[in-house]
Structures are given as structure tokens and as C-alpha cells.
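Structure data follow from work03.tsv (TSV, C-alpha atoms):
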```tsv
chain	number	residue	atom	x	y	z
A	1	MET	CA	75.13	87.14	73.32
A	2	SER	CA	76.41	87.85	76.81
A	3	THR	CA	75.82	86.64	80.34
A	4	PRO	CA	74.27	89.31	82.59
A	5	VAL	CA	76.36	90.56	85.50
A	6	ALA	CA	75.42	92.25	88.76
A	7	ILE	CA	77.24	94.20	91.46
A	8	TYR	CA	77.40	93.36	95.18
A	9	LEU	CA	77.73	96.10	97.77
A	10	GLN	CA	78.50	95.64	101.47
A	11	ASP	CA	79.62	98.57	103.62
A	12	ALA	CA	82.95	99.56	102.06
A	13	HIS	CA	81.38	102.68	100.50
A	14	ASN	CA	79.37	105.34	102.25
A	15	LEU	CA	75.72	105.12	101.31
A	16	ARG	CA	75.66	108.01	98.87
A	17	ASP	CA	78.73	106.63	97.08
A	18	ALA	CA	76.99	103.24	96.93
A	19	MET	CA	73.95	104.92	95.37
A	20	ALA	CA	76.21	106.46	92.75
A	21	LEU	CA	77.78	103.05	92.05
A	22	ALA	CA	74.33	101.51	91.59
A	23	GLN	CA	73.47	104.26	89.10
A	24	TYR	CA	76.78	103.81	87.28
A	25	ALA	CA	76.33	100.02	87.14
A	26	GLU	CA	72.86	100.52	85.65
A	27	HIS	CA	74.31	102.91	83.05
A	28	GLN	CA	76.98	100.33	82.16
A	29	GLY	CA	74.44	97.57	81.56
A	30	PHE	CA	74.55	95.65	84.84
A	31	SER	CA	71.37	93.69	85.48
A	32	ALA	CA	71.13	93.98	89.27
A	33	VAL	CA	72.62	95.44	92.43
A	34	TRP	CA	72.60	93.24	95.54
A	35	GLN	CA	73.06	94.68	99.03
A	36	ALA	CA	74.67	92.61	101.77
A	37	GLU	CA	73.47	92.19	105.34
A	38	SER	CA	75.93	89.60	106.59
A	39	ARG	CA	77.41	91.50	109.54
A	40	LEU	CA	76.07	94.00	112.04
A	41	VAL	CA	77.23	96.93	109.96
A	42	ARG	CA	74.73	97.87	107.26
A	43	GLU	CA	71.11	96.75	107.16
A	44	ALA	CA	70.03	95.80	103.65
A	45	THR	CA	66.60	97.29	103.02
A	46	VAL	CA	67.47	100.96	103.62
A	47	PRO	CA	70.15	101.02	100.89
A	48	MET	CA	67.89	98.90	98.68
A	49	ALA	CA	65.26	101.65	98.93
A	50	ALA	CA	67.91	104.26	98.14
A	51	PHE	CA	69.01	102.31	95.06
A	52	ALA	CA	65.39	101.81	93.97
A	53	ALA	CA	64.63	105.53	94.26
A	54	THR	CA	67.63	106.63	92.21
A	55	THR	CA	67.65	104.07	89.37
A	56	ASP	CA	65.20	103.24	86.60
A	57	HIS	CA	65.39	99.59	85.59
A	58	ILE	CA	68.20	97.71	87.35
A	59	LYS	CA	66.95	94.97	89.70
A	60	ILE	CA	67.63	95.33	93.42
A	61	GLY	CA	68.23	92.33	95.67
A	62	SER	CA	69.02	91.55	99.28
A	63	GLY	CA	72.11	89.43	99.42
A	64	VAL	CA	71.01	88.21	101.94
A	65	VAL	CA	68.72	89.16	104.84
A	66	ASP	CA	68.66	86.60	107.62
A	67	CYS	CA	65.60	84.46	108.29
A	68	TRP	CA	65.62	84.85	112.09
A	69	SER	CA	65.51	88.50	113.10
A	70	ARG	CA	62.38	89.66	111.21
A	71	ASN	CA	58.93	88.21	111.70
A	72	PRO	CA	57.93	86.71	108.33
A	73	ALA	CA	54.83	88.91	108.16
A	74	ARG	CA	57.00	92.01	108.64
A	75	LEU	CA	59.48	90.63	106.10
A	76	ALA	CA	56.69	90.31	103.54
A	77	ALA	CA	55.44	93.83	104.32
A	78	THR	CA	58.95	95.24	103.94
A	79	PHE	CA	59.51	93.70	100.52
A	80	SER	CA	55.99	94.60	99.44
A	81	THR	CA	56.88	98.21	100.29
A	82	LEU	CA	60.09	97.99	98.28
A	83	ASP	CA	58.05	96.68	95.35
A	84	ASP	CA	55.80	99.76	95.67
A	85	LEU	CA	58.93	101.85	95.13
A	86	ALA	CA	60.33	99.76	92.25
A	87	PRO	CA	57.58	97.48	90.89
A	88	GLY	CA	58.90	94.23	89.44
A	89	ARG	CA	62.52	95.07	90.26
A	90	VAL	CA	62.91	93.74	93.82
A	91	LEU	CA	64.51	90.37	94.68
A	92	LEU	CA	64.24	88.87	98.16
A	93	GLY	CA	67.41	86.98	99.03
A	94	ILE	CA	67.18	85.27	102.40
A	95	GLY	CA	69.68	83.13	104.29
A	96	ALA	CA	70.15	81.20	107.54
A	97	TRP	CA	72.87	83.55	108.86
A	98	TRP	CA	75.90	82.10	110.66
A	99	ASP	CA	77.48	81.49	114.03
A	100	PRO	CA	79.00	82.73	116.19
A	101	LEU	CA	77.34	86.03	115.22
A	102	ALA	CA	73.77	84.76	115.52
A	103	GLN	CA	74.56	83.15	118.85
A	104	LYS	CA	76.17	86.34	120.14
A	105	VAL	CA	72.91	88.26	119.61
A	106	GLY	CA	70.75	85.62	121.27
A	107	ILE	CA	69.52	83.69	118.24
A	108	THR	CA	69.61	79.91	118.32
A	109	ARG	CA	69.71	78.62	114.77
A	110	SER	CA	67.64	75.55	115.56
A	111	LYS	CA	66.37	73.51	112.59
A	112	PRO	CA	67.34	76.05	109.92
A	113	LEU	CA	65.93	73.90	107.11
A	114	THR	CA	62.52	73.74	108.79
A	115	ALA	CA	62.58	77.44	109.56
A	116	MET	CA	63.54	78.34	106.00
A	117	ARG	CA	60.81	76.16	104.49
A	118	GLU	CA	58.15	77.71	106.72
A	119	ILE	CA	59.32	81.30	106.18
A	120	VAL	CA	59.59	81.04	102.40
A	121	THR	CA	56.16	79.39	102.25
A	122	VAL	CA	54.35	82.09	104.22
A	123	VAL	CA	56.25	85.09	102.82
A	124	ARG	CA	55.48	83.97	99.28
A	125	ALA	CA	51.80	83.49	100.14
A	126	LEU	CA	51.56	86.93	101.75
A	127	LEU	CA	53.26	88.58	98.77
A	128	HIS	CA	50.79	86.76	96.52
A	129	ASP	CA	47.97	88.55	98.39
A	130	GLU	CA	46.77	85.48	100.26
A	131	THR	CA	45.36	85.30	103.78
A	132	VAL	CA	47.63	83.00	105.75
A	133	THR	CA	47.00	80.77	108.72
A	134	PHE	CA	50.07	78.69	109.49
A	135	HIS	CA	51.18	76.92	112.66
A	136	GLY	CA	54.60	75.37	112.24
A	137	GLU	CA	57.61	74.85	114.45
A	138	HIS	CA	58.98	78.31	113.77
A	139	VAL	CA	56.19	80.33	112.13
A	140	HIS	CA	52.77	81.03	113.67
A	141	LEU	CA	50.31	83.20	111.74
A	142	ASP	CA	46.56	83.38	112.34
A	143	GLY	CA	44.53	84.85	109.50
A	144	VAL	CA	47.27	87.26	108.44
A	145	GLU	CA	47.32	89.24	105.21
A	146	LEU	CA	49.10	92.31	103.91
A	147	ASP	CA	46.48	94.81	105.00
A	148	TYR	CA	46.24	97.14	102.02
A	149	VAL	CA	43.82	100.01	102.65
A	150	TYR	CA	44.96	102.98	100.59
A	151	GLN	CA	46.58	101.22	97.67
A	152	GLU	CA	45.72	98.73	94.97
A	153	ARG	CA	45.46	95.18	96.30
A	154	ARG	CA	47.59	93.08	93.99
A	155	PRO	CA	50.09	90.21	94.14
A	156	LYS	CA	53.62	91.50	94.38
A	157	ASP	CA	56.18	90.17	91.89
A	158	VAL	CA	59.05	89.55	94.31
A	159	PRO	CA	61.03	86.37	93.53
A	160	ILE	CA	62.49	84.60	96.56
A	161	TYR	CA	66.12	83.47	96.50
A	162	ILE	CA	67.79	81.40	99.21
A	163	GLY	CA	71.43	82.06	100.02
A	164	ALA	CA	72.50	78.43	100.30
A	165	THR	CA	75.96	77.07	101.03
A	166	GLY	CA	75.46	73.63	102.58
A	167	MET	CA	74.09	70.86	100.41
A	168	GLN	CA	70.93	70.22	102.45
A	169	MET	CA	69.97	73.88	102.10
A	170	MET	CA	70.87	73.62	98.43
A	171	GLU	CA	68.33	70.81	97.98
A	172	LEU	CA	65.65	72.76	99.84
A	173	THR	CA	66.37	75.73	97.58
A	174	GLY	CA	65.92	73.59	94.50
A	175	GLU	CA	62.58	72.43	95.86
A	176	ILE	CA	60.95	75.66	97.07
A	177	ALA	CA	62.77	78.81	95.89
A	178	ASP	CA	62.68	80.87	92.72
A	179	GLY	CA	66.45	81.03	92.74
A	180	VAL	CA	69.63	80.47	94.70
A	181	VAL	CA	72.27	83.01	95.68
A	182	LEU	CA	75.43	80.91	95.43
A	183	ASN	CA	78.14	81.87	97.88
A	184	TYR	CA	81.47	83.56	97.28
A	185	LEU	CA	84.97	82.37	98.18
A	186	VAL	CA	84.25	78.92	96.84
A	187	SER	CA	85.94	77.33	93.86
A	188	ALA	CA	84.20	76.92	90.53
A	189	ASP	CA	84.42	73.16	91.10
A	190	TYR	CA	82.30	73.56	94.24
A	191	ASN	CA	79.47	74.54	91.88
A	192	VAL	CA	79.40	71.05	90.37
A	193	ARG	CA	78.24	69.53	93.64
A	194	ALA	CA	75.89	72.45	94.25
A	195	MET	CA	74.18	71.91	90.88
A	196	GLU	CA	73.67	68.22	91.67
A	197	HIS	CA	71.91	69.02	94.93
A	198	LEU	CA	69.87	71.85	93.44
A	199	ALA	CA	68.74	69.42	90.74
A	200	ALA	CA	67.78	66.81	93.33
A	201	GLY	CA	65.63	69.33	95.18
A	202	ALA	CA	64.10	70.65	91.99
A	203	ALA	CA	63.14	67.13	90.96
A	204	ARG	CA	61.08	66.78	94.14
A	205	ALA	CA	59.00	69.72	92.94
A	206	GLY	CA	58.65	68.36	89.41
A	207	ARG	CA	61.09	70.77	87.81
A	208	THR	CA	64.75	70.94	86.79
A	209	VAL	CA	67.73	73.00	87.86
A	210	ASP	CA	67.23	75.12	84.73
A	211	ASP	CA	63.97	76.39	86.25
A	212	LEU	CA	66.04	78.15	88.94
A	213	ASP	CA	67.88	81.42	88.58
A	214	ARG	CA	71.42	80.86	89.92
A	215	PRO	CA	73.28	84.15	90.51
A	216	GLN	CA	76.57	83.81	92.37
A	217	LEU	CA	78.54	86.15	94.59
A	218	ILE	CA	82.11	86.40	93.29
A	219	VAL	CA	84.85	88.44	94.92
A	220	CYS	CA	86.41	90.50	92.14
A	221	SER	CA	89.68	92.26	92.89
A	222	LEU	CA	90.58	94.03	89.66
A	223	GLY	CA	93.18	96.74	89.48
A	224	GLU	CA	95.82	98.37	87.35
A	225	ASP	CA	98.39	97.04	89.84
A	226	ARG	CA	98.02	93.25	89.56
A	227	GLU	CA	99.98	92.45	92.71
A	228	GLN	CA	97.95	94.90	94.78
A	229	ALA	CA	94.74	93.40	93.41
A	230	LEU	CA	95.89	89.92	94.45
A	231	ASP	CA	96.93	91.16	97.90
A	232	ASP	CA	93.56	92.85	98.44
A	233	ALA	CA	91.80	89.55	97.72
A	234	ARG	CA	94.34	87.58	99.76
A	235	LEU	CA	93.30	89.35	102.96
A	236	MET	CA	89.65	88.45	102.46
A	237	VAL	CA	90.48	84.86	101.50
A	238	THR	CA	92.67	84.50	104.59
A	239	GLN	CA	89.91	85.63	106.93
A	240	TYR	CA	87.45	83.25	105.31
A	241	LEU	CA	89.93	80.37	105.51
A	242	GLY	CA	89.91	80.85	109.27
A	243	GLN	CA	86.16	81.42	109.66
A	244	GLN	CA	84.72	78.82	107.28
A	245	PRO	CA	87.28	75.99	106.94
A	246	HIS	CA	84.58	73.42	106.03
A	247	ILE	CA	83.63	75.45	102.94
A	248	MET	CA	87.27	75.94	102.06
A	249	LYS	CA	87.86	72.19	102.33
A	250	ALA	CA	84.91	71.58	99.98
A	251	SER	CA	86.57	73.96	97.53
A	252	GLY	CA	89.79	71.94	97.47
A	253	VAL	CA	91.96	73.99	99.84
A	254	PRO	CA	94.60	71.61	101.29
A	255	ASP	CA	94.13	70.52	104.91
A	256	ALA	CA	97.72	71.48	105.68
A	257	LEU	CA	97.08	75.12	104.73
A	258	LEU	CA	93.84	75.21	106.74
A	259	ASP	CA	95.71	73.86	109.76
A	260	GLU	CA	98.43	76.50	109.39
A	261	ILE	CA	95.86	79.28	109.12
A	262	GLY	CA	93.98	77.93	112.14
A	263	GLN	CA	97.10	78.18	114.25
A	264	VAL	CA	97.50	81.88	113.48
A	265	LEU	CA	93.90	83.15	113.50
A	266	THR	CA	91.57	83.36	116.49
A	267	TRP	CA	87.88	84.35	116.52
A	268	PRO	CA	87.31	87.18	116.05
A	269	ALA	CA	90.59	87.65	114.22
A	270	THR	CA	92.55	90.88	114.61
A	271	HIS	CA	93.79	92.73	111.53
A	272	GLU	CA	97.35	91.90	112.57
A	273	GLN	CA	96.53	88.17	112.70
A	274	VAL	CA	94.93	88.30	109.25
A	275	LEU	CA	97.98	90.08	107.83
A	276	ALA	CA	100.31	87.50	109.37
A	277	ALA	CA	98.24	84.55	108.16
A	278	SER	CA	97.86	86.02	104.65
A	279	LYS	CA	101.57	85.46	104.04
A	280	LEU	CA	100.80	81.72	104.09
A	281	VAL	CA	98.24	81.93	101.27
A	282	PRO	CA	99.69	81.48	97.76
A	283	ASP	CA	98.44	83.22	94.61
A	284	ASP	CA	96.92	80.05	93.15
A	285	ILE	CA	94.60	79.65	96.16
A	286	VAL	CA	93.57	83.32	95.91
A	287	GLN	CA	92.79	82.96	92.21
A	288	SER	CA	90.91	79.67	92.66
A	289	LEU	CA	88.50	81.26	95.16
A	290	THR	CA	88.15	84.75	93.65
A	291	ALA	CA	88.38	86.61	90.37
A	292	SER	CA	91.54	88.62	90.95
A	293	GLY	CA	94.31	90.26	88.96
A	294	THR	CA	94.10	91.91	85.56
A	295	ALA	CA	90.80	92.49	83.78
A	296	GLU	CA	91.35	89.45	81.57
A	297	GLU	CA	92.31	87.24	84.52
A	298	CYS	CA	89.16	88.33	86.34
A	299	LYS	CA	86.97	87.68	83.32
A	300	GLU	CA	88.47	84.25	82.76
A	301	GLN	CA	87.77	83.17	86.33
A	302	VAL	CA	84.23	84.57	86.23
A	303	ARG	CA	83.64	82.56	83.06
A	304	ARG	CA	84.60	79.41	84.98
A	305	TYR	CA	81.81	80.03	87.48
A	306	VAL	CA	79.36	80.56	84.62
A	307	GLU	CA	80.53	77.37	82.90
A	308	HIS	CA	79.87	75.56	86.20
A	309	GLY	CA	76.27	76.69	86.61
A	310	CYS	CA	76.15	80.36	87.61
A	311	THR	CA	73.55	82.28	85.58
A	312	CYS	CA	74.54	85.79	86.68
A	313	PRO	CA	77.84	86.69	88.39
A	314	ILE	CA	77.29	89.09	91.29
A	315	LEU	CA	80.64	90.84	91.42
A	316	TYR	CA	81.90	92.06	94.78
A	317	PRO	CA	84.44	94.81	93.99
A	318	LEU	CA	87.58	95.13	96.07
A	319	GLY	CA	90.11	97.90	95.73
A	320	SER	CA	89.86	101.67	95.74
A	321	ASP	CA	87.90	102.17	92.49
A	322	ALA	CA	84.88	99.94	91.86
A	323	ARG	CA	84.30	101.70	88.54
A	324	LEU	CA	87.31	99.91	87.05
A	325	MET	CA	85.53	96.61	87.61
A	326	ILE	CA	82.20	97.96	86.39
A	327	ASP	CA	83.83	99.23	83.20
A	328	ALA	CA	85.58	95.89	82.60
A	329	PHE	CA	82.27	94.03	82.74
A	330	ALA	CA	80.09	96.68	81.08
A	331	GLY	CA	77.32	95.13	79.02
A	332	GLY	CA	77.80	91.68	80.55
A	333	LEU	CA	80.27	88.84	80.14
A	334	ASP	CA	80.88	87.99	76.51
A	335	GLU	CA	79.90	84.36	75.86
A	336	ALA	CA	81.69	84.41	72.52
A	337	LEU	CA	85.00	84.18	74.37
A	338	TYR	CA	84.20	80.85	76.09
```
Represent the supplied structure as C-alpha cells.
Amino acid sequence: MSTPVAIYLQDAHNLRDAMALAQYAEHQGFSAVWQAESRLVREATVPMAAFAATTDHIKIGSGVVDCWSRNPARLAATFSTLDDLAPGRVLLGIGAWWDPLAQKVGITRSKPLTAMREIVTVVRALLHDETVTFHGEHVHLDGVELDYVYQERRPKDVPIYIGATGMQMMELTGEIADGVVLNYLVSADYNVRAMEHLAAGAARAGRTVDDLDRPQLIVCSLGEDREQALDDARLMVTQYLGQQPHIMKASGVPDALLDEIGQVLTWPATHEQVLAASKLVPDDIVQSLTASGTAEECKEQVRRYVEHGCTCPILYPLGSDARLMIDAFAGGLDEALY
């Protein structure tokens, strides 16, 4: 028996190289490929379509699209179209985005819990081939359906995952979603609290946390040069320490280190600032928030996330050769080694 693993792609690879990685991950037994859309660099659904068109059975998820910038009817139509390309293989991961980026593009993230509840409700109904009239605080639809004319009218099998980090969103996810996309750069111990809040939300819907799929983004810096692998992860950890100190605090990062980092980094941080601040971050912090180092060190840390509630690690490869990581986790994570 083994735990399934997935790969997470952002924008580090050109799109054709990313397509090749998705194909290689499928060949090596990975269960899914998730495409990021966290920054204004690479939109998620175009590469998802590319992955869908060039693979046979691997699942393809958005990790995650934001809930603000697409009308929910258009969001449903987009993921219905992706399901036409890869029936039964598409996963809709949706999140509440983050500031200051959302604010910089004119989006006010007002009442994100309310917005997420309304959007998930109507997108699911539209994908289920229902006609939707809904007048909420954020969503307004009047007799809307996915207007199939030249194709079979059928419900689309597109599970909805919420990319939750805060505990209120975690509870909402437990209540209304098919799954959660747990965040990266958190400690495995962070998952304990997340599972409690997912369970509380699930109970409100008459189910348990085991009824939810719980994949988790995990930064994986694996390389033949252990020190280089740790340094590659250290840069990402350092930037996140400056951007999301509340999450870092929840993961057990000492206040003193967060204060030191905050004195060096500004927003947005320059590469030089990140390099300078990274010298303050010790190896043990890097390894508590990522899976970094040798193949065995990476596997051991990934197992910790699984032991703390993750059902499918979504591995975000750092370093120059993502195939090294794919090969190390080929066929899944061996449960016999727990």
C-alpha cells in the first residue's frame, strides 16, 4: 500500500516543459498535477487544458484559482469545458486570494467566508446541470444554467476543493466542500489544528473529516547536493516568513526570528533583501516547513504531513531538475515505512 502523490507547478518552467513534467509524473504513477495561480504570472486554466490534452488518466487541479476575479457562472463554464477535454479528471481548487495583491488590482476581499459559501454553492449547482436563481451578498444569478446546445446535457463530475489556511475558512471547507487544499510552508503540527476545524465544519453537515479529500501543498527541495537543496528552500521560506508571519507563528516559528526577518524585508521584498534575511534562517526551520535535503529526508518529512492528516502530498519541486523528485516519489509514498 502507498499514499498517492501529486505534483504542483507554478511558473518556474516554460509551459511546454511543464507539459512534459505532467506527462512524466503520470508515467511515474503520480495521481494528479495541480497548477498554481497565486501571483499575476501564469493563469491556471490554460496550462490545465494543456496538461489535459497531453495526458491520459492523471487528474488535473487548479491550486488555486481565486474566488473574486471570475464571475461564478463563467467559472462553472470554464471548468465544465475542462471536463469536456478530460472527463472525470478535473478538480476545481478555489481560494480567497491574498493582500496586498488583491487590493493592488482593485479587489476588496470583503466577507470572504460569505463570498466563498455563495460561490461554491452556485458553481456546484451549475456543474450539476441545475438552473440557478441566487441573490446573495456577493453572487446574483437569475435563472442561469450552463447553456448546452451542441453537446450532451449532463452533470459534470468536478469536485470542488477550497484552498483554506485560516481556521474559519477551514471550518467552512469542512461544511461545504468536497476537499481542502492544505497550504504549504506550514509545519506538520499545524495540520493538527486544521483537522480539528475541518472536523467541526464537517459535523455541521452531518459528516466527518474522513469524508473530505485533504491533499496538501508541500515544498520539496530534493537534490544530489544536500546543502544546495536546503538553500533553495531557505530562500522561499524566508520570503514567506516576511509575507505571512501569522501563518509562520501558527507553525511554531519563534517570534524573535519573525521580528528579525521583519526588520530586513520590506513589501515587496527585493531579491537582495531575501538573500540577506535568509542568512538568519536555520536549517531546522527550513526542514520543519518544507521537505528538503536528501531523498530520504524529503520522504520522512512528507510522511509527517500524511501522519497529521494529509491524504495526498502535492509536491512543489524546487531545484534545477524536477525529475529527481518525481523519480524519488514514483508510485507514491510507501506506507510500509511509517
Stretch 3-9 of chain A surroundings by only C-alpha atoms, 6 Å radius, close-in-sequence under 4 positions cut, as an mmCIF file with C-alpha atoms, in the coordinates of the input:
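What landed in result-v6.cif:
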```cif
data_model
loop_
_atom_site.group_PDB
_atom_site.id
_atom_site.type_symbol
_atom_site.label_atom_id
_atom_site.label_comp_id
_atom_site.auth_asym_id
_atom_site.auth_seq_id
_atom_site.Cartn_x
_atom_site.Cartn_y
_atom_site.Cartn_z
ATOM 1 C CA PHE A 30 74.550 95.650 84.840
ATOM 2 C CA SER A 31 71.370 93.690 85.480
ATOM 3 C CA ALA A 32 71.130 93.980 89.270
ATOM 4 C CA VAL A 33 72.620 95.440 92.430
ATOM 5 C CA TRP A 34 72.600 93.240 95.540
ATOM 6 C CA GLN A 35 73.060 94.680 99.030
ATOM 7 C CA CYS A 312 74.540 85.790 86.680
ATOM 8 C CA PRO A 313 77.840 86.690 88.390
ATOM 9 C CA ILE A 314 77.290 89.090 91.290
ATOM 10 C CA LEU A 315 80.640 90.840 91.420
ATOM 11 C CA TYR A 316 81.900 92.060 94.780
ATOM 12 C CA GLY A 332 77.800 91.680 80.550
ATOM 13 C CA LEU A 333 80.270 88.840 80.140
#
```
Next item on the list: Find the residues near A:Ala177: any atom within 8 Å, counting all atoms listed in the file, skip ones fewer than 2 places away on the same chain, and give them as a list in words.
Entry: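 The residues satisfying every condition are Val120, Ile160, Tyr161, Ile162, Leu172, Thr173, Gly174, Glu175, Gly179, Val180 and Leu212 of chain A.
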Next item on the list: Could you please determine the separation between atom CA of A:Leu230 and atom CA of A:Arg193 in Å, to one decimal place?
Entry: 27.0 Å
Let me have the centre and edge lengths in Å, one decimal, of the box along x, y and z around every listed atom of stretch 287-294 of chain A with 5 Å of margin on each side, as JSON.
```
{"center_x": 91.2, "center_y": 85.8, "center_z": 90.4, "size_x": 16.2, "size_y": 22.2, "size_z": 19.6}
```
Notebook entry, point to check: If we count only C-alpha atoms, what is near stretch 298-311 of chain A at a cut-off of 9 Å, once residues fewer than 4 positions away on the same chain are taken out, given as a PyMOL selection string?
Noted result: chain A and resi 3-5+182+187-192+194-195+213-216+218+220-222+287-288+290-294+315+328-329+333-335+337-338
Note to self: What's the separation between atom CA of A:Phe51 and atom CA of A:Leu324, in Å to one decimal place?
What the structure shows: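 Separation between atom CA of A:Phe51 and atom CA of A:Leu324: 20.1 Å.
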Note to self: When you count all atoms listed in the file, which of these residues is closest to A:His27: A:Glu171, A:Asp56, A:Asp142, A:Glu137?
What the structure shows: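 The closest residue to A:His27 is A:Asp56.
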Item checked: Neighbours of point (85.8, 84.4, 101.1) within 8 Å, using only C-alpha atoms, written as a VMD selection string -> chain A and resid 184 to 186 219 236 to 241 289 to 290
Checklist line | Using all atoms listed in the file: which of A:Ala25, A:Met248, A:Met19, A:Leu113 has the shortest distance to A:Ile285 | finding: A:Met248
Check: How many Å separate atom CA of A:Val46 from atom CA of A:Asn14?
Finding: 12.8 Å
Next item on the list: Might you pull out every residue within 12 Å of A:Thr45, with only C-alpha atoms counted and same-chain residues fewer than 4 positions away left off, and present them as a ChimeraX atom specification?
Entry: /A:34-37,49-52,60-66,70,75,77-83,85,90-93
Next item on the list: Go through A:Asp11, A:Gly88, A:Glu145, A:Thr108 one by one, measure the shortest atom-to-atom distance of each to A:Arg74 using only C-alpha atoms, and give the residue with the smallest value.
Entry: A:Glu145
Margin query: I need the residue nearest A:Pro159 from this list: A:Ala76, A:Ala199, A:Ile261, A:Val209. Use only C-alpha atoms for the distance.
Written below: A:Ala76
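Each of A:Ser278, A:Thr270, A:Ser2, A:Thr121 was checked against A:Leu257 using only C-alpha atoms; the smallest atom-to-atom distance is that of A:Ser278.
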Next item on the list: Determine, counting all atoms listed in the file, which protein, DNA and RNA residues have an atom within 10 Å of an atom of A:Pro100; residues of the same chain fewer than 4 positions away are not included. Present the result as JSON, numbers by chain.
Entry: {"A": [104, 105, 107, 243, 267, 268]}
